[in-house]
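Dumped model08.cif below, it's mmCIF, C-alpha atoms and all ligand atoms:
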data_work
#
loop_
_atom_site.label_atom_id
_atom_site.label_comp_id
_atom_site.auth_asym_id
_atom_site.auth_seq_id
_atom_site.Cartn_x
_atom_site.Cartn_y
_atom_site.Cartn_z
CA MET C 1160 -84.49 201.73 -3.62
CA THR C 1161 -82.19 203.82 -5.85
CA PRO C 1162 -83.23 203.51 -9.52
CA ALA C 1163 -80.55 201.95 -11.77
CA HIS C 1164 -80.22 205.14 -13.82
CA ALA C 1165 -79.57 207.34 -10.75
CA TYR C 1166 -76.06 208.75 -10.84
CA GLN C 1167 -73.65 206.84 -8.59
CA HIS C 1168 -70.09 207.70 -7.75
CA GLY C 1169 -67.55 206.92 -5.07
CA GLY C 1170 -68.38 207.93 -1.51
CA SER C 1171 -67.14 211.01 0.27
CA PRO C 1172 -64.88 210.77 3.35
CA GLU C 1173 -66.86 213.52 5.14
CA LYS C 1174 -70.17 211.71 4.67
CA ASP C 1175 -68.69 208.38 5.72
CA MET C 1176 -67.06 209.89 8.82
CA ALA C 1177 -70.41 211.38 9.82
CA ARG C 1178 -72.23 208.10 9.11
CA LEU C 1179 -69.72 206.01 11.07
CA GLY C 1180 -69.37 208.42 14.00
CA VAL C 1181 -65.71 209.25 13.32
CA SER C 1182 -64.72 212.84 14.09
CA GLU C 1183 -63.75 214.80 11.01
CA ARG C 1184 -60.06 214.70 10.07
CA PRO C 1185 -57.88 214.88 6.95
CA VAL C 1186 -57.62 211.58 5.10
CA THR C 1187 -55.26 209.89 2.68
CA ASP C 1188 -57.62 208.96 -0.11
CA PHE C 1189 -57.14 205.46 -1.57
CA SER C 1190 -60.61 205.51 -3.09
CA VAL C 1191 -59.41 207.26 -6.26
CA ASN C 1192 -57.61 205.22 -8.88
CA LEU C 1193 -55.41 207.74 -10.66
CA ASN C 1194 -51.72 207.43 -11.53
CA PRO C 1195 -49.85 207.14 -8.20
CA LEU C 1196 -47.02 209.26 -9.66
CA GLY C 1197 -49.50 212.11 -10.14
CA ARG C 1198 -49.56 214.45 -13.13
CA PRO C 1199 -46.70 214.49 -15.65
CA PRO C 1200 -44.25 217.32 -14.72
CA LEU C 1201 -44.46 218.47 -18.34
CA LEU C 1202 -47.91 219.94 -17.73
CA ARG C 1203 -46.63 222.21 -14.97
CA GLU C 1204 -43.51 223.17 -16.91
CA ARG C 1205 -45.56 224.24 -19.92
CA TRP C 1206 -48.55 225.53 -18.00
CA MET C 1207 -48.43 228.96 -19.67
CA GLU C 1208 -49.12 227.35 -23.04
CA LEU C 1209 -52.40 226.19 -21.55
CA TRP C 1210 -53.22 229.64 -20.23
CA ASP C 1211 -52.88 230.97 -23.77
CA ARG C 1212 -55.73 228.69 -24.85
CA VAL C 1213 -58.32 230.17 -22.55
CA GLU C 1214 -59.37 233.17 -24.62
CA GLY C 1215 -60.33 231.79 -28.02
CA TYR C 1216 -62.64 229.00 -29.06
CA PRO C 1217 -60.90 225.63 -29.25
CA SER C 1218 -60.94 223.39 -32.33
CA VAL C 1219 -64.48 222.10 -32.83
CA GLU C 1220 -63.55 218.46 -32.33
CA GLY C 1221 -60.45 218.40 -30.16
CA GLU C 1222 -57.63 218.29 -32.71
CA GLY C 1223 -54.99 218.21 -29.97
CA VAL C 1224 -56.59 215.11 -28.47
CA ALA C 1225 -56.65 213.46 -31.88
CA ARG C 1226 -52.95 214.32 -32.20
CA TYR C 1227 -52.26 212.46 -28.96
CA TYR C 1228 -53.96 209.30 -30.26
CA GLU C 1229 -52.16 209.50 -33.58
CA ALA C 1230 -48.76 210.00 -31.92
CA LYS C 1231 -49.15 207.35 -29.20
CA PHE C 1232 -51.21 204.67 -30.91
CA GLY C 1233 -50.91 205.44 -34.64
CA ILE C 1234 -54.67 206.01 -34.90
CA PRO C 1235 -55.61 208.22 -37.88
CA SER C 1236 -57.96 211.09 -37.02
CA GLY C 1237 -60.77 209.57 -39.11
CA ARG C 1238 -60.92 206.64 -36.68
CA PHE C 1239 -61.01 208.72 -33.52
CA LEU C 1240 -63.51 211.00 -31.81
CA ALA C 1241 -62.51 213.08 -28.78
CA GLY C 1242 -64.89 213.77 -25.92
CA ASN C 1243 -65.21 215.70 -22.70
CA GLY C 1244 -63.64 212.74 -20.91
CA SER C 1245 -64.51 209.24 -22.06
CA THR C 1246 -67.80 209.72 -20.21
CA GLU C 1247 -69.17 211.77 -23.11
CA LEU C 1248 -68.60 208.81 -25.45
CA ILE C 1249 -70.00 206.27 -23.00
CA TYR C 1250 -73.28 208.21 -23.13
CA LEU C 1251 -73.18 208.99 -26.86
CA ILE C 1252 -72.59 205.42 -28.07
CA PRO C 1253 -75.83 203.67 -27.04
CA ARG C 1254 -77.83 206.68 -28.24
CA VAL C 1255 -76.21 206.82 -31.66
CA LEU C 1256 -76.02 203.06 -32.24
CA ARG C 1257 -79.65 202.78 -31.15
CA LEU C 1258 -79.01 199.71 -29.08
CA GLY C 1259 -82.20 197.85 -28.20
CA ARG C 1260 -80.66 195.48 -25.65
CA ALA C 1261 -77.15 195.38 -24.29
CA ALA C 1262 -75.27 193.07 -21.94
CA VAL C 1263 -73.17 194.66 -19.23
CA ILE C 1264 -70.64 192.79 -17.11
CA SER C 1265 -71.57 192.88 -13.48
CA PRO C 1266 -69.89 194.18 -11.39
CA SER C 1267 -68.46 196.87 -13.62
CA TYR C 1268 -68.29 200.64 -14.01
CA HIS C 1269 -71.79 201.93 -13.34
CA ASP C 1270 -72.04 204.40 -16.23
CA TYR C 1271 -72.29 201.69 -18.93
CA GLU C 1272 -75.64 200.66 -17.53
CA ARG C 1273 -76.81 204.18 -16.80
CA ALA C 1274 -75.90 205.37 -20.31
CA CYS C 1275 -77.87 202.46 -21.80
CA LEU C 1276 -80.91 203.07 -19.65
CA LEU C 1277 -80.98 206.78 -20.48
CA ALA C 1278 -80.77 205.89 -24.19
CA GLY C 1279 -83.74 203.56 -23.82
CA THR C 1280 -81.56 200.43 -24.12
CA ARG C 1281 -82.60 197.42 -22.05
CA VAL C 1282 -79.76 196.02 -19.96
CA ILE C 1283 -78.98 192.36 -19.31
CA HIS C 1284 -76.36 191.57 -16.69
CA LEU C 1285 -73.51 189.20 -17.38
CA PRO C 1286 -72.38 188.31 -13.86
CA LEU C 1287 -68.78 187.52 -12.92
CA ALA C 1288 -68.44 184.88 -10.23
CA SER C 1289 -66.79 185.78 -6.93
CA ASN C 1290 -65.71 182.15 -6.41
CA SER C 1291 -63.65 182.29 -9.60
CA GLY C 1292 -62.01 185.53 -8.49
CA PHE C 1293 -64.25 187.60 -10.81
CA SER C 1294 -62.36 186.19 -13.76
CA PRO C 1295 -63.58 187.48 -17.14
CA PRO C 1296 -66.63 185.79 -18.65
CA ASP C 1297 -65.73 182.74 -20.67
CA PRO C 1298 -66.45 182.88 -24.42
CA ASN C 1299 -69.36 180.41 -24.14
CA GLN C 1300 -71.02 182.63 -21.55
CA VAL C 1301 -70.62 185.67 -23.83
CA GLU C 1302 -71.90 183.68 -26.82
CA ARG C 1303 -75.01 182.67 -24.91
CA VAL C 1304 -75.84 186.22 -23.90
CA LEU C 1305 -75.14 187.52 -27.42
CA ALA C 1306 -78.13 185.56 -28.67
CA SER C 1307 -80.46 188.01 -26.95
CA VAL C 1308 -78.66 191.38 -27.21
CA ASP C 1309 -77.29 193.82 -29.81
CA ALA C 1310 -74.19 194.73 -27.86
CA VAL C 1311 -71.91 193.76 -25.04
CA TRP C 1312 -69.99 196.24 -22.85
CA LEU C 1313 -66.68 195.20 -21.32
CA GLY C 1314 -64.00 196.95 -19.33
CA ARG C 1315 -60.43 195.85 -20.10
CA PRO C 1316 -59.35 195.74 -17.36
CA ASN C 1317 -62.72 195.84 -15.71
CA ASN C 1318 -63.31 198.38 -12.94
CA PRO C 1319 -63.39 197.52 -10.02
CA THR C 1320 -62.43 193.83 -10.41
CA ALA C 1321 -59.30 194.50 -12.54
CA SER C 1322 -59.99 191.31 -14.52
CA LEU C 1323 -58.96 191.37 -18.17
CA LEU C 1324 -60.64 189.43 -20.95
CA ALA C 1325 -57.85 188.26 -23.27
CA ARG C 1326 -57.46 190.30 -26.43
CA THR C 1327 -57.51 187.24 -28.67
CA VAL C 1328 -60.75 185.96 -27.09
CA LEU C 1329 -62.45 189.28 -27.60
CA LEU C 1330 -61.30 189.69 -31.20
CA ASP C 1331 -62.37 186.15 -32.00
CA LEU C 1332 -65.85 186.87 -30.62
CA ALA C 1333 -66.06 190.16 -32.55
CA ASP C 1334 -65.09 188.37 -35.77
CA ARG C 1335 -67.52 185.51 -35.23
CA PHE C 1336 -70.45 187.79 -34.38
CA PRO C 1337 -70.23 190.62 -36.93
CA ASP C 1338 -73.81 191.74 -36.32
CA LYS C 1339 -73.22 192.39 -32.60
CA TRP C 1340 -71.49 195.44 -31.15
CA PHE C 1341 -68.50 195.02 -28.83
CA ILE C 1342 -68.02 198.16 -26.76
CA VAL C 1343 -64.77 197.93 -24.86
CA ASP C 1344 -63.58 200.42 -22.26
CA GLU C 1345 -59.78 200.54 -21.96
CA ALA C 1346 -59.56 203.48 -19.52
CA PHE C 1347 -56.80 201.71 -17.52
CA ILE C 1348 -55.01 199.78 -20.28
CA GLN C 1349 -51.90 201.99 -20.40
CA PHE C 1350 -50.98 200.94 -16.87
CA LEU C 1351 -50.32 197.38 -18.05
CA GLU C 1352 -46.66 196.56 -18.45
CA ASP C 1353 -47.48 194.70 -21.69
CA TRP C 1354 -50.13 197.16 -22.87
CA LYS C 1355 -48.88 197.02 -26.45
CA GLU C 1356 -49.67 193.32 -26.66
CA GLU C 1357 -53.01 193.76 -24.88
CA SER C 1358 -54.61 196.96 -26.09
CA LEU C 1359 -57.26 196.91 -28.78
CA LEU C 1360 -56.34 200.52 -29.58
CA LEU C 1361 -53.51 199.21 -31.71
CA GLU C 1362 -55.68 196.67 -33.54
CA SER C 1363 -56.87 197.04 -37.09
CA PRO C 1364 -60.47 198.30 -37.02
CA ARG C 1365 -63.47 195.98 -36.96
CA PRO C 1366 -66.83 197.39 -38.10
CA ASN C 1367 -68.49 196.15 -34.88
CA LEU C 1368 -65.82 197.14 -32.33
CA VAL C 1369 -65.74 200.44 -30.44
CA VAL C 1370 -62.91 201.10 -27.99
CA ILE C 1371 -63.42 203.78 -25.37
CA HIS C 1372 -60.30 205.31 -23.87
CA SER C 1373 -59.51 207.93 -21.27
CA LEU C 1374 -56.46 210.02 -20.38
CA THR C 1375 -57.91 210.76 -16.93
CA LYS C 1376 -56.45 207.81 -15.05
CA PHE C 1377 -53.05 207.42 -16.61
CA TYR C 1378 -52.10 211.11 -16.39
CA ALA C 1379 -54.07 211.91 -13.21
CA VAL C 1380 -55.96 214.70 -15.00
CA ALA C 1381 -59.55 214.03 -13.98
CA GLY C 1382 -60.27 217.78 -13.92
CA LEU C 1383 -59.27 218.31 -17.56
CA ARG C 1384 -61.80 215.82 -19.02
CA LEU C 1385 -59.87 214.01 -21.76
CA GLY C 1386 -60.77 210.84 -23.61
CA GLY C 1387 -62.37 209.50 -26.74
CA ALA C 1388 -63.52 206.57 -28.83
CA VAL C 1389 -61.68 204.59 -31.47
CA ALA C 1390 -63.58 202.66 -34.13
CA ASP C 1391 -64.04 202.00 -37.79
CA GLU C 1392 -64.33 205.26 -39.81
CA ARG C 1393 -68.03 204.76 -40.54
CA VAL C 1394 -68.84 204.32 -36.86
CA ILE C 1395 -66.81 207.40 -35.94
CA GLU C 1396 -68.67 209.35 -38.61
CA ARG C 1397 -72.01 208.37 -37.07
CA LEU C 1398 -70.83 209.40 -33.62
CA ARG C 1399 -69.34 212.66 -34.93
CA HIS C 1400 -72.56 213.53 -36.68
CA ALA C 1401 -74.54 213.35 -33.42
CA LYS C 1402 -72.02 214.94 -31.06
CA GLU C 1403 -72.23 218.51 -29.75
CA PRO C 1404 -69.43 220.84 -30.93
CA TRP C 1405 -66.67 222.25 -28.69
CA THR C 1406 -67.03 219.77 -25.87
CA VAL C 1407 -63.24 219.52 -25.54
CA ASN C 1408 -62.10 222.80 -24.02
CA GLY C 1409 -58.99 224.60 -25.28
CA VAL C 1410 -56.90 223.91 -22.18
CA ALA C 1411 -57.61 220.18 -22.31
CA ASP C 1412 -57.01 220.10 -26.06
CA ARG C 1413 -53.57 221.71 -25.73
CA ALA C 1414 -52.72 219.55 -22.72
CA ALA C 1415 -53.45 216.40 -24.75
CA ALA C 1416 -51.10 217.55 -27.51
CA LEU C 1417 -48.38 218.12 -24.86
CA LEU C 1418 -49.01 214.68 -23.35
CA ALA C 1419 -48.12 213.18 -26.72
CA GLU C 1420 -44.53 214.07 -25.76
CA SER C 1421 -44.63 212.31 -22.39
CA GLY C 1422 -42.94 209.02 -23.33
CA GLY C 1423 -40.53 208.90 -20.36
CA PHE C 1424 -43.32 209.47 -17.85
CA ASP C 1425 -45.43 206.73 -19.45
CA GLU C 1426 -42.63 204.18 -19.10
CA GLN C 1427 -41.81 205.27 -15.56
CA THR C 1428 -45.49 204.88 -14.61
CA ARG C 1429 -45.72 201.36 -16.01
CA SER C 1430 -42.62 200.07 -14.33
CA HIS C 1431 -43.54 201.73 -11.02
CA VAL C 1432 -47.15 200.47 -11.02
CA GLY C 1433 -46.16 196.99 -12.21
CA ALA C 1434 -43.74 196.52 -9.29
CA GLU C 1435 -45.86 198.30 -6.65
CA VAL C 1436 -49.10 196.45 -7.37
CA LYS C 1437 -47.28 193.10 -7.01
CA ARG C 1438 -45.68 194.21 -3.74
CA VAL C 1439 -48.96 195.49 -2.26
CA PHE C 1440 -50.85 192.39 -3.42
CA SER C 1441 -48.41 190.01 -1.72
CA ARG C 1442 -48.58 192.02 1.52
CA LEU C 1443 -52.40 191.99 1.39
CA GLU C 1444 -52.41 188.26 0.73
CA ALA C 1445 -50.52 187.72 3.97
CA LEU C 1446 -53.28 189.40 6.03
CA GLU C 1447 -55.78 187.10 7.68
CA GLY C 1448 -59.08 188.86 7.22
CA ILE C 1449 -58.60 190.40 3.79
CA THR C 1450 -58.82 188.66 0.43
CA PRO C 1451 -57.19 190.63 -2.38
CA PHE C 1452 -57.87 189.90 -6.05
CA PRO C 1453 -54.94 189.98 -8.48
CA SER C 1454 -54.58 193.11 -10.57
CA PRO C 1455 -52.22 194.17 -13.37
CA VAL C 1456 -53.03 197.87 -12.88
CA ASN C 1457 -53.11 200.66 -10.29
CA TYR C 1458 -56.02 199.48 -8.14
CA LEU C 1459 -56.96 196.30 -6.31
CA LEU C 1460 -60.30 194.86 -5.33
CA CYS C 1461 -60.32 193.33 -1.84
CA GLN C 1462 -62.86 191.63 0.41
CA TRP C 1463 -63.08 192.15 4.15
CA VAL C 1464 -63.82 188.75 5.68
CA ARG C 1465 -62.75 189.30 9.30
CA THR C 1466 -66.26 190.37 10.35
CA ASP C 1467 -69.49 190.35 8.40
CA ASP C 1468 -69.73 194.15 8.30
CA LEU C 1469 -67.42 196.25 6.13
CA ASP C 1470 -68.27 199.25 8.30
CA ASP C 1471 -66.06 197.73 11.03
CA LEU C 1472 -63.09 198.10 8.72
CA LEU C 1473 -64.11 201.49 7.30
CA ARG C 1474 -64.55 202.95 10.80
CA HIS C 1475 -61.14 201.61 11.87
CA LEU C 1476 -59.44 203.06 8.77
CA LEU C 1477 -61.19 206.45 8.91
CA GLY C 1478 -60.21 206.77 12.56
CA ARG C 1479 -56.61 206.57 11.29
CA GLY C 1480 -57.14 208.97 8.40
CA VAL C 1481 -57.34 206.31 5.69
CA TYR C 1482 -60.14 206.19 3.13
CA VAL C 1483 -60.84 203.32 0.72
CA ARG C 1484 -63.62 202.82 -1.86
CA ASP C 1485 -66.60 201.03 -0.38
CA CYS C 1486 -67.75 198.79 -3.26
CA ARG C 1487 -70.99 197.58 -1.72
CA ASN C 1488 -73.02 199.67 -4.20
CA PHE C 1489 -71.76 197.49 -7.09
CA ALA C 1490 -74.04 194.54 -7.95
CA GLY C 1491 -72.28 191.38 -6.78
CA LEU C 1492 -69.97 193.18 -4.33
CA GLU C 1493 -72.38 193.72 -1.46
CA ARG C 1494 -70.49 191.44 0.92
CA GLY C 1495 -67.53 193.37 2.28
CA TYR C 1496 -65.80 194.43 -0.94
CA PHE C 1497 -63.64 197.52 -1.18
CA ARG C 1498 -61.12 198.89 -3.68
CA VAL C 1499 -57.79 200.53 -3.05
CA GLY C 1500 -55.99 202.74 -5.57
CA LEU C 1501 -52.22 202.74 -5.28
CA ARG C 1502 -50.54 205.85 -3.92
CA ALA C 1503 -46.88 206.56 -3.10
CA PRO C 1504 -45.10 203.50 -1.56
CA ARG C 1505 -44.88 205.15 1.87
CA GLU C 1506 -48.62 205.83 1.85
CA ASN C 1507 -49.32 202.28 0.65
CA ASP C 1508 -47.27 201.02 3.61
CA ARG C 1509 -49.39 203.09 5.96
CA LEU C 1510 -52.55 201.61 4.40
CA LEU C 1511 -51.14 198.10 4.85
CA GLU C 1512 -50.31 198.83 8.50
CA CYS C 1513 -53.84 200.08 9.14
CA LEU C 1514 -55.36 197.06 7.41
CA ALA C 1515 -53.14 194.76 9.47
CA SER C 1516 -54.18 196.48 12.70
CA ALA C 1517 -57.85 196.13 11.68
CA CYS C 1518 -57.35 192.39 11.16
CA GLY C 1519 -55.72 192.16 14.60
CA ARG C 1520 -58.51 194.11 16.27
CA PHE C 1521 -61.33 191.76 15.29
CA PRO C 1522 -60.20 188.30 16.33
C1 LIG C 1601 -63.64 202.26 -16.12
C2 LIG C 1601 -63.88 203.72 -16.31
N1 LIG C 1601 -64.18 204.15 -17.54
C3 LIG C 1601 -64.41 205.47 -17.78
C4 LIG C 1601 -64.34 206.39 -16.75
C5 LIG C 1601 -64.65 207.83 -17.07
O1 LIG C 1601 -63.47 208.56 -17.15
P1 LIG C 1601 -63.35 209.98 -17.84
O2 LIG C 1601 -64.72 210.45 -18.21
O3 LIG C 1601 -62.70 210.86 -16.86
O4 LIG C 1601 -62.53 209.76 -19.08
C6 LIG C 1601 -64.02 205.98 -15.47
C7 LIG C 1601 -63.96 206.94 -14.35
O5 LIG C 1601 -63.94 206.63 -13.19
C8 LIG C 1601 -63.79 204.60 -15.25
O6 LIG C 1601 -63.48 204.13 -14.04
#

Go through the file and emit its structure as structure tokens.
Ligand SMILES: Cc1ncc(COP(=O)(O)O)c(C=O)c1O
Amino acid sequence: MTPAHAYQHGGSPEKDMARLGVSERPVTDFSVNLNPLGRPPLLRERWMELWDRVEGYPSVEGEGVARYYEAKFGIPSGRFLAGNGSTELIYLIPRVLRLGRAAVISPSYHDYERACLLAGTRVIHLPLASNSGFSPPDPNQVERVLASVDAVWLGRPNNPTASLLARTVLLDLADRFPDKWFIVDEAFIQFLEDWKEESLLLESPRPNLVVIHSLTKFYAVAGLRLGGAVADERVIERLRHAKEPWTVNGVADRAAALLAESGGFDEQTRSHVGAEVKRVFSRLEALEGITPFPSPVNYLLCQWVRTDDLDDLLRHLLGRGVYVRDCRNFAGLERGYFRVGLRAPRENDRLLECLASACGRFP
């Protein structure tokens, strides 16, 4: 059995083709969940400004990234710490806060648990129920688990279920339990059409609330490694004290400062994703054999129910050059779950066609 702290990530099309006996071919990859519009054109247009940043040392703490968060969310630099992607903060937080026991929503992004285990934090699972569509835990459930932990980790929206615990519920819990940590990952929040009403990034700070955020997904810049944490000044100071210097490279740091000027692209993304996710969801709902779960963002969790083996579907799709994220390695998603990240509408149509033909093939 794989230990819980072993590193897990999405599959690879080559490995899955070999495993399923499909001859190797190029695939359209729906397993990633980046912005379907791709990178902002601004980055290409001003690429030479990034080149200029290669030679010298960058700012020690990613000043350009801090500038992005100040410009977009009004967060003063004393309440923000940049990292080499949000992953750096996910791993730093349990170490610095010295969490003894933490609750992690299950299923959710694997690194919360791994980061806790590597920091010596014991992990309690807070399971979401499939029969309630993986809806967020209700406040009573969170309250019960809080009695035995120092912290609770939550994704808003959660990856891969896309469920979103209401902002007011979370803030109420944080206010009522001031001696517990609430560690909230908002890596996908900017995709929401009403993100300003939903995001905790815009909230006044709470001493027990840490919000993790990433620029990876929204700007499709996974290779740059951009993200950070937002919290009360004293918490940021503790994190800053323990963090290695220069983890944000100069190219990423300059790119973040440029992204602060990307307002038009941000709006275009939200209106595109908002309309496309509704369209794809309603087409998926019409398929007999696939159960999609509602999502306000750029990816959808689905369950294959036509046969009792997800490999039947994966083999069919790979044979047509389509790759989706097999979610069976998430606790609670072992029975036929997969995730699709939105791509261009024409590609999404091709995915829908292939899913429809899979449903037709297994009567
Ligand atoms: C929910 C969630 N949070 C955080 C991350 C880490 O992103 P990054 O380190 O690129 O900021 C990911 C990446 O897949 C993710 O899905």

Problem set entry | Of the listed residues C:Ala1241, C:Val1389, C:Val1219, C:Leu1417, that which approaches ligand LIG 1601 (chain C) most closely, counting all atoms listed in the file | C:Ala1241

Exercise. What is the distance, in Å and to one decimal place, between atom C8 of ligand LIG 1601 (chain C) and CA of Phe1347 in chain C?
Worked result: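 According to the coordinates, atom C8 of ligand LIG 1601 (chain C) and CA of Phe1347 in chain C are separated by 7.9 Å.
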
Problem set entry | Distance query Ala1325 in chain C at most 9 Å, all atoms listed in the file, self and fewer than 3 positions along chain excluded, as a VMD selection string | chain C and resid 1295 1315 1328 to 1330 1357

Per residue of chain C within 6 Å of ligand LIG 1601 (chain C), which atom pair is closest and at what distance in Å (one decimal), using all atoms listed in the file, listed by chain and increasing number, as JSON lines?
{"residue": "C:Gly1244", "atom": "CA", "partner": "C:LIG1601", "partner_atom": "O4", "distance": 3.7}
{"residue": "C:Ser1245", "atom": "CA", "partner": "C:LIG1601", "partner_atom": "O4", "distance": 3.6}
{"residue": "C:Thr1246", "atom": "CA", "partner": "C:LIG1601", "partner_atom": "O2", "distance": 3.7}
{"residue": "C:Tyr1268", "atom": "CA", "partner": "C:LIG1601", "partner_atom": "C1", "distance": 5.4}
{"residue": "C:Asn1318", "atom": "CA", "partner": "C:LIG1601", "partner_atom": "C1", "distance": 5.0}
{"residue": "C:Ala1346", "atom": "CA", "partner": "C:LIG1601", "partner_atom": "N1", "distance": 5.1}
{"residue": "C:Ser1373", "atom": "CA", "partner": "C:LIG1601", "partner_atom": "O4", "distance": 4.2}
{"residue": "C:Thr1375", "atom": "CA", "partner": "C:LIG1601", "partner_atom": "O3", "distance": 4.8}
{"residue": "C:Ala1381", "atom": "CA", "partner": "C:LIG1601", "partner_atom": "O3", "distance": 5.3}
{"residue": "C:Arg1384", "atom": "CA", "partner": "C:LIG1601", "partner_atom": "O3", "distance": 5.5}
{"residue": "C:Leu1385", "atom": "CA", "partner": "C:LIG1601", "partner_atom": "O4", "distance": 5.7}
{"residue": "C:Gly1386", "atom": "CA", "partner": "C:LIG1601", "partner_atom": "O4", "distance": 5.0}

For this session: Would you mind listing what lies within 12 Å of Arg1205 in chain C as a VMD selection string, with all atoms listed in the file counted and same-chain residues fewer than 2 positions away left out?
Result: chain C and resid 1199 to 1203 1207 to 1211 1410 1413 to 1414 1416 to 1418 1420

For this session: Have a look at CA of Ile1371 in chain C and CA of Gly1279 in chain C and let me know their distance in Å, one decimal.
Result: 20.4 Å

For this session: Check the smallest atom-to-atom distance from each of C:Val1436, C:Met1176, C:Ala1503, C:Ile1252 to Leu1351 in chain C using all atoms listed in the file, then report the winner.
Result: C:Val1436

So that I can check the surroundings of Pro1316 in chain C, please list as a CSV table (one decimal) with C-alpha atoms, in the frame of the given file every protein, DNA and RNA residue that reaches within 9 Å of it, counting only C-alpha atoms and ignoring chain neighbours fewer than 5 positions away.
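The resulting around.csv:
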chain,number,residue,atom,x,y,z
C,1321,ALA,CA,-59.3,194.5,-12.5
C,1322,SER,CA,-60.0,191.3,-14.5
C,1323,LEU,CA,-59.0,191.4,-18.2
C,1324,LEU,CA,-60.6,189.4,-21.0
C,1344,ASP,CA,-63.6,200.4,-22.3
C,1345,GLU,CA,-59.8,200.5,-22.0
C,1346,ALA,CA,-59.6,203.5,-19.5
C,1347,PHE,CA,-56.8,201.7,-17.5
C,1348,ILE,CA,-55.0,199.8,-20.3
C,1454,SER,CA,-54.6,193.1,-10.6
C,1455,PRO,CA,-52.2,194.2,-13.4
C,1456,VAL,CA,-53.0,197.9,-12.9

For this session: Excluding Cys1275 in chain C and any residue of its chain fewer than 2 positions from it, enumerate the residues within 12 Å of it, using all atoms listed in the file, and give them as a ChimeraX atom specification.
Result: /C:1163-1164,1248-1263,1269-1273,1277-1283,1309-1312,1342

For this session: Figure out the distance between CA of Gly1422 in chain C and CA of Asp1508 in chain C, please, to one decimal in Å.
Result: 28.4 Å

Problem set entry | Selected residue, from C:His1400, C:Arg1502, C:Arg1238, C:Arg1178, that lies nearest to Leu1368 in chain C when counting all atoms listed in the file |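 Under the stated criterion, the closest residue is C:Arg1238.
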
Seminar exercise, completed: Closest of C:Gly1170, C:Pro1404, C:Pro1195, C:Pro1217 to Leu1240 in chain C, counting only C-alpha atoms, is C:Pro1404

Exercise. Which neighbours of Ala1415 in chain C fall inside 7 Å, counting all atoms listed in the file, when residues of the same chain fewer than 6 positions from it are skipped, and could you give them as an NGL selection string?
Worked result: :C and (1223-1224 or 1227)

Residues as selected, C-alpha atoms, written as an mmCIF file, in the frame of the given file, can you do that?
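See out-v2.cif below for the written result:
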data_model
loop_
_atom_site.group_PDB
_atom_site.id
_atom_site.type_symbol
_atom_site.label_atom_id
_atom_site.label_comp_id
_atom_site.auth_asym_id
_atom_site.auth_seq_id
_atom_site.Cartn_x
_atom_site.Cartn_y
_atom_site.Cartn_z
ATOM 1 C CA GLY C 1223 -54.990 218.210 -29.970
ATOM 2 C CA VAL C 1224 -56.590 215.110 -28.470
ATOM 3 C CA TYR C 1227 -52.260 212.460 -28.960
#

For this session: Point out the residue among C:Gly1215, C:Pro1364, C:Gly1448, C:Gly1314 with the least atom-to-atom distance to Pro1522 in chain C, counting all atoms listed in the file.
Result: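 Nearest candidate to Pro1522 in chain C out of C:Gly1215, C:Pro1364, C:Gly1448, C:Gly1314: C:Gly1448.
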